[in-house]
Amino acid sequence: KVGVISYLNSMPFVYGLQSSLISKSIEISLSYPAQIADQLQKGEIDIALVPIVVLNDQKNISIISDFCIGAENTVDSVCLYSHVPINEIKSITLDYQSRTSVELLKLLLRDYWKTSPILYNSSKESQFNIKDDQASLVIGDRAFDLNGKYAYIYDLAESWNKMTGMPFVFACWVSRINLDSIFQKEFNVALKHGVDNIDNAIFQEQISSSNINYKDYLNKKISYDFNEDKKRALAFFLERINL
């Protein structure tokens with residue numbers, strides 16, 4: 001059972017898995033990041049693309065892939081939206097779908113912007129409470145509809161890069177069970193196939209929207225290789241949020 005984040009940025013992974021040799025031996029379910037993390041913890045799924053803060057919370061899991069959801073700089077889909085500049089924000093509503101981005105925002109507020117607005121957890125009904133000096137953190141595909149609509153938009157991956165000079169990793173592939181080495185290799189081959197064929201994935205899904213340049217977002221904003229720079233950035237981030 002494989003849990004995958006249900007955002008546009010994971011579409012190449014889904015495409016790769018569904019068109020692979022192992023497609024018949026896996027069952028894919030889609031949900032938002034925080035829900036995927038809960039499902040993994042409850043044992044409802046075996047393999048998952050999870051928000052990286054799960055690595056701090058769940059000790060019986062291991063990273064199984066050379067691929068991730070990351071960004072070298074701006075990402076466009078993890079942003080803080082506000083009518084006023086960061087130092088004038090009094091409160092922020094946190095996206096209920098997020099875990100990693102919430103922790104990233106807290107770290108940036110503390111170490112980069114050096115401000116401490118009141119933080120509120122949101123629900124499905126109250127997620128976009130943006131007015132006066134109240135801002136909102138919004139992640140995923142819903143962020144595309146908000147880009148360009150507010151005077152101040154803070155891209156969290158870009159802000160992280162300005163503070164650290166590092167890329168950022170939002171999610172990585174983990175397993176709570178021991179995987180056969182052959183299966184794990186085939187799993188990674190399937191992911192690579194999806195990442196190498198993003199344009200085909202877009203065509204197959206027949207997705208279109210006036211708000212999103214799909215090819216630019218998936219090919220240039222999202223960085224999928226879980227390389228050494230990203231591994232160092234991940235370790236540094238997990239260390240900093242534990243301070």
# chains A, B, ... in the order shown; residues from 1 in each chain; ligands from 1
>>> closest_atom_pairs(of="region 138-172 of chain A", to="region 66-73 of chain A", cutoff="7 Å", atoms="only C-alpha atoms", output="Markdown table")
| residue | atom | partner | partner_atom | distance |
| --- | --- | --- | --- | --- |
| A:Ala157 | CA | A:Asn73 | CA | 5.7 |
| A:Glu158 | CA | A:Asn73 | CA | 4.7 |
| A:Asn161 | CA | A:Asn73 | CA | 5.9 |
| A:Pro167 | CA | A:Glu72 | CA | 4.3 |
| A:Phe168 | CA | A:Ala71 | CA | 5.4 |
| A:Val169 | CA | A:Gly70 | CA | 4.2 |
| A:Phe170 | CA | A:Gly70 | CA | 5.6 |
| A:Ala171 | CA | A:Ile69 | CA | 5.1 |
| A:Cys172 | CA | A:Cys68 | CA | 4.5 |
>>> residues_around(residues="Tyr217 (chain A)", least_positions_apart="2", cutoff="12 Å", atoms="only C-alpha atoms", output="ChimeraX atom specification")
/A:8-12,70-71,74-77,140-141,144,198-199,202,211-215,219-224
>>> write_last_selection(atoms="N, CA, C and O atoms", output="mmCIF file, in the first residue's frame")
data_model
loop_
_atom_site.group_PDB
_atom_site.id
_atom_site.type_symbol
_atom_site.label_atom_id
_atom_site.label_comp_id
_atom_site.auth_asym_id
_atom_site.auth_seq_id
_atom_site.Cartn_x
_atom_site.Cartn_y
_atom_site.Cartn_z
ATOM 1 N N LEU A 8 -0.183 18.423 -7.394
ATOM 2 C CA LEU A 8 0.388 18.392 -8.733
ATOM 3 C C LEU A 8 1.846 17.956 -8.721
ATOM 4 O O LEU A 8 2.294 17.223 -9.603
ATOM 5 N N ASN A 9 2.600 18.370 -7.709
ATOM 6 C CA ASN A 9 4.033 18.089 -7.725
ATOM 7 C C ASN A 9 4.377 16.605 -7.615
ATOM 8 O O ASN A 9 5.499 16.200 -7.920
ATOM 9 N N SER A 10 3.445 15.785 -7.177
ATOM 10 C CA SER A 10 3.714 14.345 -7.092
ATOM 11 C C SER A 10 3.206 13.577 -8.316
ATOM 12 O O SER A 10 3.387 12.358 -8.407
ATOM 13 N N MET A 11 2.601 14.275 -9.271
ATOM 14 C CA MET A 11 2.041 13.619 -10.450
ATOM 15 C C MET A 11 3.074 12.801 -11.232
ATOM 16 O O MET A 11 2.769 11.686 -11.674
ATOM 17 N N PRO A 12 4.315 13.283 -11.404
ATOM 18 C CA PRO A 12 5.292 12.431 -12.104
ATOM 19 C C PRO A 12 5.541 11.110 -11.396
ATOM 20 O O PRO A 12 5.737 10.078 -12.056
ATOM 21 N N GLY A 70 11.305 18.529 -3.636
ATOM 22 C CA GLY A 70 12.184 19.576 -3.136
ATOM 23 C C GLY A 70 12.154 20.808 -4.016
ATOM 24 O O GLY A 70 11.478 20.842 -5.043
ATOM 25 N N ALA A 71 12.911 21.820 -3.606
ATOM 26 C CA ALA A 71 13.022 23.051 -4.386
ATOM 27 C C ALA A 71 14.412 23.634 -4.194
ATOM 28 O O ALA A 71 14.920 23.667 -3.073
ATOM 29 N N THR A 74 12.752 29.252 -5.378
ATOM 30 C CA THR A 74 11.311 29.480 -5.297
ATOM 31 C C THR A 74 10.555 28.211 -5.684
ATOM 32 O O THR A 74 10.981 27.471 -6.576
ATOM 33 N N VAL A 75 9.414 27.997 -5.019
ATOM 34 C CA VAL A 75 8.621 26.804 -5.299
ATOM 35 C C VAL A 75 7.213 27.149 -5.770
ATOM 36 O O VAL A 75 6.553 26.352 -6.434
ATOM 37 N N ASP A 76 6.711 28.332 -5.422
ATOM 38 C CA ASP A 76 5.408 28.846 -5.874
ATOM 39 C C ASP A 76 4.189 28.201 -5.229
ATOM 40 O O ASP A 76 3.071 28.683 -5.418
ATOM 41 N N SER A 77 4.364 27.123 -4.486
ATOM 42 C CA SER A 77 3.196 26.424 -3.945
ATOM 43 C C SER A 77 3.269 26.232 -2.426
ATOM 44 O O SER A 77 2.492 25.460 -1.870
ATOM 45 N N GLY A 140 0.442 23.657 -1.513
ATOM 46 C CA GLY A 140 -0.147 22.787 -2.521
ATOM 47 C C GLY A 140 -0.815 23.539 -3.653
ATOM 48 O O GLY A 140 -0.616 24.732 -3.851
ATOM 49 N N ASP A 141 -1.651 22.830 -4.372
ATOM 50 C CA ASP A 141 -2.274 23.373 -5.576
ATOM 51 C C ASP A 141 -3.154 24.578 -5.293
ATOM 52 O O ASP A 141 -3.330 25.447 -6.148
ATOM 53 N N PHE A 144 -1.818 28.180 -5.978
ATOM 54 C CA PHE A 144 -1.755 28.778 -7.307
ATOM 55 C C PHE A 144 -2.861 29.816 -7.518
ATOM 56 O O PHE A 144 -2.655 30.808 -8.208
ATOM 57 N N ILE A 198 8.087 13.955 -17.503
ATOM 58 C CA ILE A 198 7.086 14.874 -16.941
ATOM 59 C C ILE A 198 6.097 15.356 -18.004
ATOM 60 O O ILE A 198 4.889 15.408 -17.768
ATOM 61 N N ASP A 199 6.601 15.701 -19.174
ATOM 62 C CA ASP A 199 5.700 16.190 -20.225
ATOM 63 C C ASP A 199 4.690 15.119 -20.629
ATOM 64 O O ASP A 199 3.513 15.429 -20.898
ATOM 65 N N ILE A 202 1.988 15.010 -17.946
ATOM 66 C CA ILE A 202 1.041 16.124 -18.097
ATOM 67 C C ILE A 202 0.057 15.821 -19.224
ATOM 68 O O ILE A 202 -1.159 16.036 -19.085
ATOM 69 N N ASN A 211 -4.088 29.340 -14.475
ATOM 70 C CA ASN A 211 -3.318 29.836 -13.332
ATOM 71 C C ASN A 211 -1.936 29.201 -13.215
ATOM 72 O O ASN A 211 -1.103 29.678 -12.437
ATOM 73 N N ILE A 212 -1.676 28.116 -13.934
ATOM 74 C CA ILE A 212 -0.461 27.359 -13.719
ATOM 75 C C ILE A 212 0.240 27.056 -15.042
ATOM 76 O O ILE A 212 -0.393 26.599 -15.992
ATOM 77 N N ASN A 213 1.534 27.306 -15.091
ATOM 78 C CA ASN A 213 2.367 26.811 -16.178
ATOM 79 C C ASN A 213 2.918 25.473 -15.709
ATOM 80 O O ASN A 213 3.916 25.404 -14.999
ATOM 81 N N TYR A 214 2.241 24.400 -16.082
ATOM 82 C CA TYR A 214 2.550 23.080 -15.544
ATOM 83 C C TYR A 214 3.982 22.654 -15.841
ATOM 84 O O TYR A 214 4.683 22.141 -14.967
ATOM 85 N N LYS A 215 4.407 22.848 -17.079
ATOM 86 C CA LYS A 215 5.752 22.410 -17.453
ATOM 87 C C LYS A 215 6.808 23.185 -16.681
ATOM 88 O O LYS A 215 7.811 22.612 -16.234
ATOM 89 N N ASN A 219 9.053 21.120 -14.027
ATOM 90 C CA ASN A 219 10.417 20.955 -14.526
ATOM 91 C C ASN A 219 11.420 21.901 -13.883
ATOM 92 O O ASN A 219 12.604 21.562 -13.774
ATOM 93 N N LYS A 220 10.954 23.075 -13.424
ATOM 94 C CA LYS A 220 11.892 24.088 -12.942
ATOM 95 C C LYS A 220 11.713 24.467 -11.469
ATOM 96 O O LYS A 220 12.686 24.805 -10.793
ATOM 97 N N LYS A 221 10.497 24.446 -10.977
ATOM 98 C CA LYS A 221 10.263 24.831 -9.580
ATOM 99 C C LYS A 221 10.472 23.654 -8.638
ATOM 100 O O LYS A 221 11.057 23.809 -7.565
ATOM 101 N N ILE A 222 9.956 22.490 -9.016
ATOM 102 C CA ILE A 222 10.122 21.292 -8.192
ATOM 103 C C ILE A 222 11.415 20.586 -8.593
ATOM 104 O O ILE A 222 11.691 20.402 -9.769
ATOM 105 N N SER A 223 12.188 20.202 -7.591
ATOM 106 C CA SER A 223 13.444 19.494 -7.817
ATOM 107 C C SER A 223 13.324 18.113 -7.176
ATOM 108 O O SER A 223 13.142 18.000 -5.958
ATOM 109 N N TYR A 224 13.421 17.082 -7.983
ATOM 110 C CA TYR A 224 13.072 15.737 -7.528
ATOM 111 C C TYR A 224 14.255 14.896 -7.038
ATOM 112 O O TYR A 224 14.062 13.938 -6.290
#
>>> select_by_dssp(residues="region 109-197 of chain A", states="strand (DSSP E)", output="list of chain:residue names")
A:Ile118, A:Leu119, A:Tyr120, A:Asn121, A:Gln134, A:Ala135, A:Ser136, A:Leu137, A:Val138, A:Ile139, A:Tyr152, A:Ile153, A:Tyr154, A:Asp155, A:Phe168, A:Val169, A:Phe170, A:Ala171, A:Cys172, A:Trp173, A:Val174, A:Ser175
>>> residues_around(residues="region 47-55 of chain A", least_positions_apart="4", cutoff="6 Å", atoms="only C-alpha atoms", output="number ranges by chain")
A: 2-4, 37, 100, 170-175
>>> closest_residue(among="A:Glu44, A:Ile63, A:Asn147, A:Ser91", to="Asn188 (chain A)", atoms="only C-alpha atoms")
A:Ile63
>>> residues_around(residues="Leu17 (chain A)", least_positions_apart="4", cutoff="8 Å", atoms="only C-alpha atoms", output="list in words")
Phe13, Ile22, Ser23, Phe187, Ala190, Leu191 and Gly194 of chain A
>>> atom_distance(atom1="CA of Val138 (chain A)", atom2="CA of Ser159 (chain A)")
15.1 Å
>>> residues_around(residues="region 114-118 of chain A", least_positions_apart="5", cutoff="10 Å", atoms="only C-alpha atoms", output="JSON, numbers by chain")
{"A": [86, 87, 88, 89, 90, 91, 92, 93, 106, 107, 108, 109, 133, 134, 135]}
>>> write_last_selection(atoms="N, CA, C and O atoms", output="PDB file, in the first residue's frame")
ATOM      1  N   ILE A  86       5.950  41.513   6.421  1.00  0.00           N
ATOM      2  CA  ILE A  86       6.111  40.484   7.447  1.00  0.00           C
ATOM      3  C   ILE A  86       6.206  41.050   8.855  1.00  0.00           C
ATOM      4  O   ILE A  86       5.660  40.480   9.806  1.00  0.00           O
ATOM      5  N   ASN A  87       6.869  42.178   9.029  1.00  0.00           N
ATOM      6  CA  ASN A  87       7.049  42.740  10.370  1.00  0.00           C
ATOM      7  C   ASN A  87       5.786  43.385  10.923  1.00  0.00           C
ATOM      8  O   ASN A  87       5.737  43.734  12.109  1.00  0.00           O
ATOM      9  N   GLU A  88       4.756  43.516  10.084  1.00  0.00           N
ATOM     10  CA  GLU A  88       3.493  44.096  10.543  1.00  0.00           C
ATOM     11  C   GLU A  88       2.403  43.043  10.731  1.00  0.00           C
ATOM     12  O   GLU A  88       1.299  43.371  11.184  1.00  0.00           O
ATOM     13  N   ILE A  89       2.707  41.805  10.394  1.00  0.00           N
ATOM     14  CA  ILE A  89       1.720  40.730  10.557  1.00  0.00           C
ATOM     15  C   ILE A  89       1.542  40.422  12.037  1.00  0.00           C
ATOM     16  O   ILE A  89       2.505  40.191  12.762  1.00  0.00           O
ATOM     17  N   LYS A  90       0.304  40.401  12.489  1.00  0.00           N
ATOM     18  CA  LYS A  90       0.000  40.132  13.897  1.00  0.00           C
ATOM     19  C   LYS A  90      -0.394  38.677  14.143  1.00  0.00           C
ATOM     20  O   LYS A  90      -0.180  38.150  15.237  1.00  0.00           O
ATOM     21  N   SER A  91      -0.993  38.029  13.149  1.00  0.00           N
ATOM     22  CA  SER A  91      -1.402  36.627  13.315  1.00  0.00           C
ATOM     23  C   SER A  91      -1.338  35.908  11.982  1.00  0.00           C
ATOM     24  O   SER A  91      -1.466  36.521  10.916  1.00  0.00           O
ATOM     25  N   ILE A  92      -1.124  34.587  12.049  1.00  0.00           N
ATOM     26  CA  ILE A  92      -1.035  33.760  10.846  1.00  0.00           C
ATOM     27  C   ILE A  92      -1.877  32.502  11.046  1.00  0.00           C
ATOM     28  O   ILE A  92      -1.766  31.822  12.065  1.00  0.00           O
ATOM     29  N   THR A  93      -2.712  32.210  10.058  1.00  0.00           N
ATOM     30  CA  THR A  93      -3.457  30.956  10.042  1.00  0.00           C
ATOM     31  C   THR A  93      -2.621  29.903   9.326  1.00  0.00           C
ATOM     32  O   THR A  93      -2.159  30.126   8.208  1.00  0.00           O
ATOM     33  N   LYS A 106       7.645  28.473  11.080  1.00  0.00           N
ATOM     34  CA  LYS A 106       8.031  28.803  12.448  1.00  0.00           C
ATOM     35  C   LYS A 106       9.527  29.109  12.542  1.00  0.00           C
ATOM     36  O   LYS A 106       9.951  30.044  13.223  1.00  0.00           O
ATOM     37  N   LEU A 107      10.326  28.300  11.846  1.00  0.00           N
ATOM     38  CA  LEU A 107      11.773  28.500  11.863  1.00  0.00           C
ATOM     39  C   LEU A 107      12.137  29.834  11.214  1.00  0.00           C
ATOM     40  O   LEU A 107      12.990  30.579  11.736  1.00  0.00           O
ATOM     41  N   LEU A 108      11.517  30.134  10.078  1.00  0.00           N
ATOM     42  CA  LEU A 108      11.808  31.393   9.392  1.00  0.00           C
ATOM     43  C   LEU A 108      11.382  32.595  10.226  1.00  0.00           C
ATOM     44  O   LEU A 108      12.094  33.609  10.278  1.00  0.00           O
ATOM     45  N   LEU A 109      10.247  32.495  10.883  1.00  0.00           N
ATOM     46  CA  LEU A 109       9.794  33.589  11.745  1.00  0.00           C
ATOM     47  C   LEU A 109      10.801  33.836  12.869  1.00  0.00           C
ATOM     48  O   LEU A 109      11.111  34.987  13.201  1.00  0.00           O
ATOM     49  N   ASP A 133      -4.127  42.736   9.169  1.00  0.00           N
ATOM     50  CA  ASP A 133      -2.794  42.255   9.554  1.00  0.00           C
ATOM     51  C   ASP A 133      -2.789  40.757   9.861  1.00  0.00           C
ATOM     52  O   ASP A 133      -1.907  40.254  10.547  1.00  0.00           O
ATOM     53  N   GLN A 134      -3.778  40.045   9.335  1.00  0.00           N
ATOM     54  CA  GLN A 134      -3.846  38.588   9.488  1.00  0.00           C
ATOM     55  C   GLN A 134      -3.423  37.922   8.177  1.00  0.00           C
ATOM     56  O   GLN A 134      -3.982  38.211   7.126  1.00  0.00           O
ATOM     57  N   ALA A 135      -2.436  37.049   8.259  1.00  0.00           N
ATOM     58  CA  ALA A 135      -1.901  36.366   7.085  1.00  0.00           C
ATOM     59  C   ALA A 135      -2.238  34.881   7.134  1.00  0.00           C
ATOM     60  O   ALA A 135      -2.721  34.378   8.151  1.00  0.00           O
TER      61      ALA A 135
END
>>> closest_residue(among="A:Arg176, A:Tyr154, A:Leu119, A:Leu243", to="Lys59 (chain A)", atoms="only C-alpha atoms")
A:Arg176
>>> atom_distance(atom1="CA of Ile182 (chain A)", atom2="CA of Ser25 (chain A)")
12.8 Å
>>> closest_residue(among="A:Val14, A:His193, A:Ser19, A:Arg99", to="Asp57 (chain A)", atoms="only C-alpha atoms")
A:Arg99
>>> atom_distance(atom1="CA of Lys131 (chain A)", atom2="CA of Ser82 (chain A)")
7.5 Å
>>> select_by_dssp(residues="region 82-137 of chain A", states="alpha helix (DSSP H)", output="VMD selection string")
chain A and resid 100 to 111
>>> closest_residue(among="A:Asp180, A:Ala235, A:Gln204, A:Asp225", to="Gln18 (chain A)", atoms="only C-alpha atoms")
A:Gln204
